[in-house]
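Undergrad: Hey, dropping final_31.cif in here, mmCIF, C-alpha atoms:
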```
data_data
#
loop_
_atom_site.label_atom_id
_atom_site.label_comp_id
_atom_site.auth_asym_id
_atom_site.auth_seq_id
_atom_site.Cartn_x
_atom_site.Cartn_y
_atom_site.Cartn_z
CA MET A 297 -6.50 1.44 -3.07
CA ALA A 298 -9.77 -0.25 -2.14
CA THR A 299 -9.96 -4.02 -1.91
CA LEU A 300 -12.88 -6.38 -2.40
CA LEU A 301 -11.60 -8.72 0.28
CA ASP A 302 -12.98 -8.48 3.81
CA GLU A 303 -9.87 -8.31 5.96
CA ALA A 304 -11.72 -9.86 8.90
CA GLU A 305 -12.75 -12.92 6.92
CA VAL A 306 -11.76 -16.20 8.57
CA ARG A 307 -10.15 -18.64 6.15
CA GLU A 308 -11.17 -22.25 6.18
CA PRO A 309 -8.90 -25.09 5.12
CA GLN A 310 -9.08 -26.05 1.45
CA PRO A 311 -12.27 -28.11 0.99
CA PRO A 312 -12.16 -31.72 -0.14
CA THR A 313 -12.47 -32.12 -3.90
CA THR A 314 -13.60 -35.74 -4.11
CA GLY A 315 -16.57 -36.38 -6.36
CA ARG A 316 -16.67 -33.06 -8.23
CA GLU A 317 -14.73 -31.28 -10.93
CA VAL A 318 -12.92 -28.37 -9.33
CA HIS A 319 -10.83 -25.47 -10.57
CA ALA A 320 -8.16 -23.57 -8.67
CA ILE A 321 -8.21 -19.85 -9.46
CA LEU A 322 -6.68 -16.58 -8.38
CA THR A 323 -9.20 -13.71 -8.51
CA GLN A 324 -7.90 -10.16 -8.78
CA MET A 325 -9.14 -8.12 -5.83
CA THR A 326 -7.92 -4.60 -6.56
CA GLY A 327 -7.41 -2.16 -9.38
CA LEU A 328 -9.08 -1.55 -12.73
CA GLU A 329 -9.49 -5.26 -13.41
CA ALA A 330 -10.84 -6.24 -10.00
CA GLY A 331 -12.81 -9.44 -10.47
CA ARG A 332 -10.62 -10.78 -13.28
CA VAL A 333 -10.17 -14.54 -12.88
CA HIS A 334 -6.81 -16.23 -13.47
CA GLY A 335 -7.12 -19.97 -13.96
CA LEU A 336 -4.47 -22.33 -12.60
CA ASP A 337 -5.02 -25.19 -15.03
CA GLY A 338 -1.44 -26.20 -15.77
CA THR A 339 1.28 -27.65 -13.58
CA ASP A 340 3.22 -24.35 -13.79
CA THR A 341 1.34 -21.05 -14.11
CA SER A 342 3.47 -17.91 -14.41
CA PHE A 343 2.66 -14.31 -13.48
CA GLY A 344 4.50 -11.12 -14.43
CA ARG A 345 4.88 -8.25 -16.90
CA GLU A 346 6.39 -10.38 -19.67
CA ALA A 347 3.99 -11.21 -22.52
CA THR A 348 5.13 -14.85 -22.39
CA CYS A 349 3.74 -15.30 -18.86
CA THR A 350 0.54 -17.29 -18.47
CA HIS A 351 -1.08 -14.24 -16.86
CA THR A 352 0.32 -10.81 -17.69
CA PHE A 353 -0.06 -7.64 -15.62
CA ASP A 354 0.71 -4.12 -16.76
CA GLU A 355 2.06 -3.12 -13.36
CA GLY A 356 5.43 -1.53 -12.74
CA SER A 357 6.07 -3.12 -9.35
CA LEU A 358 6.07 -6.59 -10.92
CA SER A 359 9.14 -8.22 -12.43
CA ARG A 360 9.04 -9.55 -15.98
CA VAL A 361 8.47 -13.02 -14.54
CA HIS A 362 7.39 -12.43 -10.98
CA ALA A 363 6.00 -15.70 -9.62
CA HIS A 364 4.92 -19.24 -10.44
CA VAL A 365 2.02 -21.26 -9.07
CA LEU A 366 2.97 -24.94 -9.14
CA ARG A 367 0.52 -27.81 -8.89
CA VAL A 368 1.93 -30.54 -6.67
CA GLY A 369 -0.51 -33.44 -6.61
CA ALA A 370 -3.76 -32.00 -5.27
CA GLU A 371 -2.02 -28.96 -3.77
CA TYR A 372 -0.91 -25.62 -5.17
CA HIS A 373 2.26 -23.78 -4.15
CA ILE A 374 3.26 -20.24 -5.03
CA GLU A 375 6.95 -19.57 -5.68
CA ASP A 376 8.79 -16.26 -5.99
CA ALA A 377 10.68 -16.14 -9.31
CA ALA A 378 13.51 -13.99 -7.86
CA SER A 379 11.29 -10.89 -8.15
CA SER A 380 12.43 -7.45 -7.06
CA ASN A 381 9.38 -6.60 -4.94
CA GLY A 382 8.40 -9.95 -3.52
CA VAL A 383 5.52 -12.38 -3.19
CA PHE A 384 3.29 -12.21 -0.12
CA VAL A 385 0.75 -14.67 1.26
CA ASN A 386 -1.54 -13.11 3.85
CA ASP A 387 0.94 -10.20 4.17
CA GLU A 388 3.92 -12.46 4.88
CA ARG A 389 6.72 -12.43 2.31
CA VAL A 390 7.49 -15.94 1.06
CA ALA A 391 9.97 -17.67 -1.21
CA ARG A 392 7.58 -20.58 -1.60
CA ALA A 393 4.39 -21.45 0.22
CA PRO A 394 1.35 -23.73 -0.12
CA LEU A 395 -1.96 -22.07 -0.91
CA ARG A 396 -5.20 -22.76 0.93
CA ASP A 397 -8.71 -21.74 -0.04
CA GLY A 398 -9.18 -18.07 0.85
CA ASP A 399 -5.48 -17.12 1.00
CA ARG A 400 -4.70 -13.56 -0.02
CA VAL A 401 -1.74 -13.28 -2.40
CA ARG A 402 0.07 -10.04 -3.20
CA LEU A 403 2.53 -9.67 -6.07
CA GLY A 404 4.75 -6.62 -5.73
CA SER A 405 3.05 -3.61 -4.20
CA ALA A 406 -0.18 -3.32 -6.17
CA VAL A 407 -1.56 -6.68 -7.38
CA THR A 408 -3.69 -8.48 -4.79
CA LEU A 409 -5.41 -11.77 -5.57
CA ARG A 410 -7.42 -14.35 -3.71
CA PHE A 411 -6.83 -18.08 -4.06
CA GLN A 412 -10.01 -20.13 -4.36
CA VAL A 413 -11.03 -23.68 -5.17
CA VAL A 414 -14.34 -23.62 -7.04
CA THR A 415 -16.47 -25.84 -9.23
CA LYS A 416 -16.35 -25.55 -13.01
CA GLN A 417 -19.75 -23.83 -12.96
CA GLU A 418 -18.61 -21.34 -10.31
CA HIS A 419 -15.46 -20.60 -12.32
CA GLN A 420 -17.50 -19.91 -15.45
CA ALA A 421 -19.93 -17.72 -13.51
CA LEU A 422 -17.11 -15.60 -12.06
CA VAL A 423 -15.65 -15.11 -15.54
CA ARG A 424 -19.06 -14.04 -16.89
CA VAL A 425 -19.57 -11.54 -14.07
CA PHE A 426 -16.17 -9.94 -14.69
CA GLU A 427 -16.60 -9.78 -18.44
CA SER A 428 -20.08 -8.28 -18.17
CA SER A 429 -18.63 -5.44 -16.10
CA VAL A 430 -15.80 -4.51 -18.47
CA LYS A 431 -16.73 -5.87 -21.92
CA ASP A 432 -19.16 -4.55 -24.52
CA GLY A 433 -22.02 -7.02 -24.70
CA LEU A 434 -22.34 -6.97 -28.49
CA THR A 435 -18.77 -6.88 -29.78
CA GLY A 436 -16.83 -8.42 -26.89
CA VAL A 437 -14.23 -5.63 -26.81
CA TRP A 438 -13.65 -3.42 -23.77
CA ASN A 439 -16.54 -1.12 -22.86
CA ARG A 440 -16.57 2.65 -22.36
CA ARG A 441 -16.23 2.49 -18.58
CA TYR A 442 -13.10 0.39 -18.81
CA LEU A 443 -11.78 2.58 -21.64
CA ASP A 444 -12.12 5.80 -19.64
CA GLU A 445 -10.25 4.37 -16.65
CA ARG A 446 -7.58 2.71 -18.77
CA LEU A 447 -6.95 5.84 -20.84
CA LEU A 448 -6.48 7.86 -17.66
CA GLY A 449 -3.82 5.39 -16.53
CA GLU A 450 -2.11 5.28 -19.92
CA VAL A 451 -1.88 9.07 -20.18
CA GLY A 452 -0.46 9.20 -16.65
CA PHE A 453 2.12 6.54 -17.56
CA ALA A 454 3.17 8.44 -20.70
CA LYS A 455 3.58 11.69 -18.75
CA ARG A 456 5.61 10.06 -15.96
CA HIS A 457 7.95 8.23 -18.31
CA GLY A 458 8.07 10.72 -21.16
CA SER A 459 6.96 7.96 -23.52
CA ALA A 460 4.84 8.00 -26.66
CA LEU A 461 1.13 7.25 -26.64
CA ALA A 462 -1.28 7.29 -29.56
CA VAL A 463 -5.02 6.81 -29.88
CA VAL A 464 -6.84 5.86 -33.08
CA LEU A 465 -10.54 6.78 -33.14
CA VAL A 466 -12.36 4.72 -35.80
CA ASP A 467 -15.84 5.19 -37.26
CA ILE A 468 -17.63 2.83 -39.67
CA ASP A 469 -18.56 4.86 -42.74
CA HIS A 470 -22.26 5.17 -43.69
CA PHE A 471 -23.28 2.84 -40.88
CA LYS A 472 -26.79 4.32 -40.70
CA LYS A 473 -27.28 3.37 -44.33
CA VAL A 474 -26.35 -0.24 -43.49
CA ASN A 475 -29.03 -0.30 -40.78
CA ASP A 476 -31.63 1.40 -42.97
CA THR A 477 -30.94 -0.86 -45.97
CA HIS A 478 -30.33 -4.23 -44.35
CA GLY A 479 -31.80 -3.94 -40.85
CA HIS A 480 -30.32 -3.74 -37.39
CA GLN A 481 -29.37 -7.42 -37.21
CA VAL A 482 -27.07 -6.96 -40.18
CA GLY A 483 -25.81 -3.72 -38.63
CA ASP A 484 -24.95 -5.62 -35.45
CA ALA A 485 -23.12 -8.23 -37.51
CA VAL A 486 -21.08 -5.50 -39.21
CA LEU A 487 -20.20 -4.02 -35.81
CA LYS A 488 -19.08 -7.42 -34.48
CA ALA A 489 -17.11 -8.22 -37.62
CA THR A 490 -15.37 -4.83 -37.55
CA ALA A 491 -14.43 -5.28 -33.91
CA GLU A 492 -12.99 -8.71 -34.69
CA THR A 493 -11.07 -7.37 -37.70
CA MET A 494 -9.52 -4.66 -35.55
CA ARG A 495 -8.77 -7.03 -32.67
CA SER A 496 -6.90 -9.38 -34.99
CA THR A 497 -4.89 -6.50 -36.49
CA ILE A 498 -3.63 -4.59 -33.45
CA ARG A 499 -0.80 -5.68 -31.15
CA VAL A 500 -1.41 -7.79 -28.06
CA GLU A 501 -0.52 -4.84 -25.82
CA ASP A 502 -2.91 -2.43 -27.56
CA VAL A 503 -6.33 -1.72 -26.04
CA LEU A 504 -9.44 -1.89 -28.23
CA ALA A 505 -12.72 -0.54 -26.88
CA ARG A 506 -16.12 0.41 -28.18
CA TYR A 507 -16.25 4.17 -27.87
CA GLY A 508 -19.93 4.51 -28.68
CA GLY A 509 -22.36 3.58 -31.46
CA GLU A 510 -20.28 2.60 -34.48
CA GLU A 511 -17.05 4.11 -33.10
CA PHE A 512 -14.08 2.22 -31.66
CA LEU A 513 -10.91 3.46 -30.01
CA VAL A 514 -7.45 1.88 -30.00
CA ILE A 515 -4.97 2.93 -27.30
CA ALA A 516 -1.44 2.22 -28.53
CA ARG A 517 1.33 2.69 -26.00
CA GLY A 518 4.75 3.55 -27.45
CA LEU A 519 3.50 4.77 -30.84
CA ASP A 520 4.32 8.28 -32.10
CA LEU A 521 2.08 10.08 -34.61
CA THR A 522 3.69 8.55 -37.69
CA ARG A 523 3.31 5.00 -36.41
CA GLY A 524 -0.17 5.76 -35.10
CA VAL A 525 -1.24 6.87 -38.58
CA GLN A 526 0.34 3.72 -40.01
CA LEU A 527 -1.76 1.66 -37.61
CA GLY A 528 -4.87 3.56 -38.68
CA GLU A 529 -4.04 2.95 -42.34
CA ARG A 530 -3.53 -0.75 -41.71
CA LEU A 531 -6.96 -0.96 -40.06
CA ARG A 532 -8.54 1.01 -42.91
CA ILE A 533 -7.04 -1.11 -45.68
CA ILE A 534 -8.00 -4.43 -44.06
CA ALA A 535 -11.59 -3.25 -43.45
CA GLU A 536 -11.92 -2.12 -47.07
CA ARG A 537 -10.51 -5.37 -48.46
CA GLN A 538 -12.66 -7.63 -46.27
CA PRO A 539 -16.40 -7.07 -46.79
CA VAL A 540 -18.69 -8.64 -44.23
CA VAL A 541 -20.39 -11.79 -45.52
CA ILE A 542 -23.82 -12.47 -44.02
CA ASP A 543 -26.13 -15.26 -45.25
CA GLY A 544 -24.25 -15.37 -48.54
CA SER A 545 -24.49 -11.62 -49.09
CA SER A 546 -21.37 -9.45 -49.16
CA ILE A 547 -21.71 -6.15 -47.28
CA PRO A 548 -18.92 -3.71 -48.25
CA ARG A 549 -17.56 -1.51 -45.49
CA THR A 550 -14.98 1.19 -45.04
CA ILE A 551 -13.77 3.07 -41.98
CA SER A 552 -12.43 6.53 -41.25
CA ALA A 553 -10.00 7.30 -38.44
CA GLY A 554 -8.55 10.20 -36.51
CA VAL A 555 -5.17 9.76 -34.82
CA ALA A 556 -3.73 11.80 -31.96
CA THR A 557 -0.82 11.49 -29.53
CA VAL A 558 -0.05 13.09 -26.19
CA LEU A 559 2.38 15.41 -27.99
CA CYS A 560 -0.53 16.77 -30.03
CA CYS A 561 -1.99 18.19 -26.82
CA GLY A 562 0.88 20.56 -25.94
CA GLU A 563 0.81 21.24 -22.20
CA ASP A 564 -2.75 19.94 -21.83
CA ARG A 565 -1.83 16.26 -21.80
CA THR A 566 -5.13 14.89 -20.54
CA PRO A 567 -7.41 12.10 -21.77
CA GLN A 568 -10.02 14.74 -22.60
CA CYS A 569 -7.62 16.65 -24.85
CA LEU A 570 -6.38 13.47 -26.51
CA LEU A 571 -9.92 12.36 -27.35
CA LYS A 572 -10.88 15.86 -28.51
CA VAL A 573 -7.98 16.03 -30.98
CA ALA A 574 -8.67 12.50 -32.27
CA ASP A 575 -12.36 13.32 -32.69
CA GLU A 576 -11.59 16.53 -34.60
CA ARG A 577 -9.31 14.59 -36.94
CA LEU A 578 -11.90 11.87 -37.43
CA TYR A 579 -14.44 14.55 -38.37
CA ARG A 580 -11.95 15.94 -40.89
CA ALA A 581 -11.36 12.49 -42.39
CA LYS A 582 -15.09 12.03 -42.89
CA ALA A 583 -15.54 15.56 -44.26
CA ASP A 584 -12.75 14.92 -46.78
CA GLY A 585 -14.57 11.95 -48.29
CA ARG A 586 -14.40 9.11 -45.72
CA ASN A 587 -12.36 5.90 -46.03
CA ARG A 588 -9.26 7.77 -44.93
CA VAL A 589 -7.06 8.44 -41.90
CA CYS A 590 -6.30 11.92 -40.60
CA GLY A 591 -3.35 12.49 -38.28
CA GLY A 592 -2.86 16.24 -38.48
#
```
Any chance you could give the structure as structure tokens?

TA:
Amino acid sequence: MATLLDEAEVREPQPPTTGREVHAILTQMTGLEAGRVHGLDGTDTSFGREATCTHTFDEGSLSRVHAHVLRVGAEYHIEDAASSNGVFVNDERVARAPLRDGDRVRLGSAVTLRFQVVTKQEHQALVRVFESSVKDGLTGVWNRRYLDERLLGEVGFAKRHGSALAVVLVDIDHFKKVNDTHGHQVGDAVLKATAETMRSTIRVEDVLARYGGEEFLVIARGLDLTRGVQLGERLRIIAERQPVVIDGSSIPRTISAGVATVLCCGEDRTPQCLLKVADERLYRAKADGRNRVCGG
């Protein structure tokens, strides 16, 4: 897997921090989320697969709690939390080691990060650069590029482990009418509000992305068709019951959804098939009167 880190780079000692506000960070160097910035603001920052960790990674080679970064005075130390596949600093496996500016940290076999000491402004700039590459600029949810790569990985995971995987393709009903009646600024507000409604409804582990136009997609690992339809219904009911309020005016909205799982694709368990089935079911939901969920 490619890395953003120049292997020939010469590391300098950690720079002095006197006279400026500085932030210690670990920047992800590889994988789908290359460029993601993990702040080290507390005295104990944890990394692993467990949702309770400070920074969570969906990576099988990591233990549930894989490592801790501890702040000791002005220094930072990384400590292996009895992980199965180890913690490495500059390719050397360690139980505990101090971190210096530029150190390369590897957790397990697939997560590589770079330790840096940066100013507050530099930290914020790095976060903005990452988010602009993977987030939809209007709604703040994942963008289509991220979605396509993530869905490929999720389908592969489901096939390898024989596990359930559902997608819920959502469309805002009569969205063109909203734009034509109220203008595009109101339409944008409805898009943003719908994204926020969905984000607050789905599970932490679910993936919400803007699929295109007024369509959104939820990837829900571990859900079969019945539970996927239940998720779609929950999203539909909340959207219907919560009109969007803009400048004192209430804009009603409803959504339609098509739900598909990897089992719906027979032998053709590909992202393309999964999206095709979900899209066909969304079309059927809209043809049947909108404001409904179709899962078969």

Undergrad: Looking at all atoms listed in the file, which of A:Gln417, A:Thr341, A:Thr557, A:Thr326 is the one that sits closest to A:Glu450?

TA: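 So, comparing all the options, the nearest one is A:Thr557.
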
Undergrad: So which one's closest to A:Ser545, A:His351, A:Arg446, A:His478, A:Arg389? Using all atoms listed in the file, please.

TA: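 Selected residue with least distance to A:Ser545: A:His478.
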
Undergrad: Selection in question (the file shown): the PyMOL selection byres ((chain A and resi 357) around 9). Which residues does it include, as a VMD selection string?

TA: chain A and resid 355 to 356 358 to 359 380 to 381 403 to 407

Undergrad: Would you mind exporting C-alpha atoms of the selected residues as a PDB file, in the coordinates of the input?

TA:
```
ATOM      1  CA  GLU A 355       2.060  -3.120 -13.360  1.00  0.00           C
ATOM      2  CA  GLY A 356       5.430  -1.530 -12.740  1.00  0.00           C
ATOM      3  CA  LEU A 358       6.070  -6.590 -10.920  1.00  0.00           C
ATOM      4  CA  SER A 359       9.140  -8.220 -12.430  1.00  0.00           C
ATOM      5  CA  SER A 380      12.430  -7.450  -7.060  1.00  0.00           C
ATOM      6  CA  ASN A 381       9.380  -6.600  -4.940  1.00  0.00           C
ATOM      7  CA  LEU A 403       2.530  -9.670  -6.070  1.00  0.00           C
ATOM      8  CA  GLY A 404       4.750  -6.620  -5.730  1.00  0.00           C
ATOM      9  CA  SER A 405       3.050  -3.610  -4.200  1.00  0.00           C
ATOM     10  CA  ALA A 406      -0.180  -3.320  -6.170  1.00  0.00           C
ATOM     11  CA  VAL A 407      -1.560  -6.680  -7.380  1.00  0.00           C
TER      12      VAL A 407
END
```

Undergrad: Which protein, DNA or RNA residues have an atom at most 8 Å from (-8.3, -6.3, -7.8), counting all atoms listed in the file? List them as a list of chain:residue names.

TA: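 Residues with an atom close enough to that point: A:Thr299, A:Leu300, A:Thr323, A:Gln324, A:Met325, A:Thr326, A:Gly327, A:Leu328, A:Glu329, A:Ala330, A:Gly331, A:Arg332, A:Val407, A:Thr408, A:Leu409.
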
Undergrad: If we count all atoms listed in the file and set the cut-off at 9 Å, which residues sit around A:Arg410, ignoring sequence neighbours fewer than 6 positions away in its own chain? Please answer as a PyMOL selection string.

TA: chain A and resi 301+321-325+397-402

Undergrad: How would the residues just chosen look if you wrote them out with C-alpha atoms as an mmCIF file, in the frame of the given file?

TA:
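What landed in part.cif:
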```cif
data_model
loop_
_atom_site.group_PDB
_atom_site.id
_atom_site.type_symbol
_atom_site.label_atom_id
_atom_site.label_comp_id
_atom_site.auth_asym_id
_atom_site.auth_seq_id
_atom_site.Cartn_x
_atom_site.Cartn_y
_atom_site.Cartn_z
ATOM 1 C CA LEU A 301 -11.600 -8.720 0.280
ATOM 2 C CA ILE A 321 -8.210 -19.850 -9.460
ATOM 3 C CA LEU A 322 -6.680 -16.580 -8.380
ATOM 4 C CA THR A 323 -9.200 -13.710 -8.510
ATOM 5 C CA GLN A 324 -7.900 -10.160 -8.780
ATOM 6 C CA MET A 325 -9.140 -8.120 -5.830
ATOM 7 C CA ASP A 397 -8.710 -21.740 -0.040
ATOM 8 C CA GLY A 398 -9.180 -18.070 0.850
ATOM 9 C CA ASP A 399 -5.480 -17.120 1.000
ATOM 10 C CA ARG A 400 -4.700 -13.560 -0.020
ATOM 11 C CA VAL A 401 -1.740 -13.280 -2.400
ATOM 12 C CA ARG A 402 0.070 -10.040 -3.200
#
```

Undergrad: Give me the residues within 10 Å of A:Ala347 as a list in words, counting only C-alpha atoms and dropping any in the same chain fewer than 4 places off.

TA: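 Here the qualifying residues turn out to be Phe343, His351, Thr352, Phe353, Asp354, Arg360, Val361, Val500 and Glu501 of chain A.
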
Undergrad: Just to be explicit: take each residue in the selection above, keep C-alpha atoms, and write the result as a CSV table (one decimal), in the coordinates of the input.

TA:
```
chain,number,residue,atom,x,y,z
A,343,PHE,CA,2.7,-14.3,-13.5
A,351,HIS,CA,-1.1,-14.2,-16.9
A,352,THR,CA,0.3,-10.8,-17.7
A,353,PHE,CA,-0.1,-7.6,-15.6
A,354,ASP,CA,0.7,-4.1,-16.8
A,360,ARG,CA,9.0,-9.6,-16.0
A,361,VAL,CA,8.5,-13.0,-14.5
A,500,VAL,CA,-1.4,-7.8,-28.1
A,501,GLU,CA,-0.5,-4.8,-25.8
```

Undergrad: Around the point (-18.7, 4.5, -28.0) (coordinates from the file), which residues reach within 10 Å if we count only C-alpha atoms? Answer as a short mmCIF file (atom, residue, chain, number, x, y, z; two decimals) with C-alpha atoms, in the frame of the given file.

TA:
```cif
data_model
loop_
_atom_site.label_atom_id
_atom_site.label_comp_id
_atom_site.auth_asym_id
_atom_site.auth_seq_id
_atom_site.Cartn_x
_atom_site.Cartn_y
_atom_site.Cartn_z
CA ASP A 432 -19.16 -4.55 -24.52
CA ASN A 439 -16.54 -1.12 -22.86
CA ARG A 440 -16.57 2.65 -22.36
CA ARG A 441 -16.23 2.49 -18.58
CA LEU A 443 -11.78 2.58 -21.64
CA LEU A 465 -10.54 6.78 -33.14
CA ASP A 467 -15.84 5.19 -37.26
CA ALA A 505 -12.72 -0.54 -26.88
CA ARG A 506 -16.12 0.41 -28.18
CA TYR A 507 -16.25 4.17 -27.87
CA GLY A 508 -19.93 4.51 -28.68
CA GLY A 509 -22.36 3.58 -31.46
CA GLU A 510 -20.28 2.60 -34.48
CA GLU A 511 -17.05 4.11 -33.10
CA PHE A 512 -14.08 2.22 -31.66
CA LEU A 513 -10.91 3.46 -30.01
#
```

Undergrad: Find, counting all atoms listed in the file, the residue in A:Val486, A:Val503, A:Ile533, A:Leu422 that gets nearest to A:Asp444.

TA: A:Val503

Undergrad: Name the residues in contact with A:Lys473 at a cut-off of 12 Å, using only C-alpha atoms, excluding same-chain residues fewer than 4 positions from it; report them as a VMD selection string.

TA: chain A and resid 468 to 469 477 to 480 482 to 483 486 547 to 549

Undergrad: Tell me which of A:Val589, A:Leu336, A:Ala378, A:Val514 sits closest to A:Ala462, counting all atoms listed in the file.

TA: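 Under the stated criterion, the closest residue is A:Val514.
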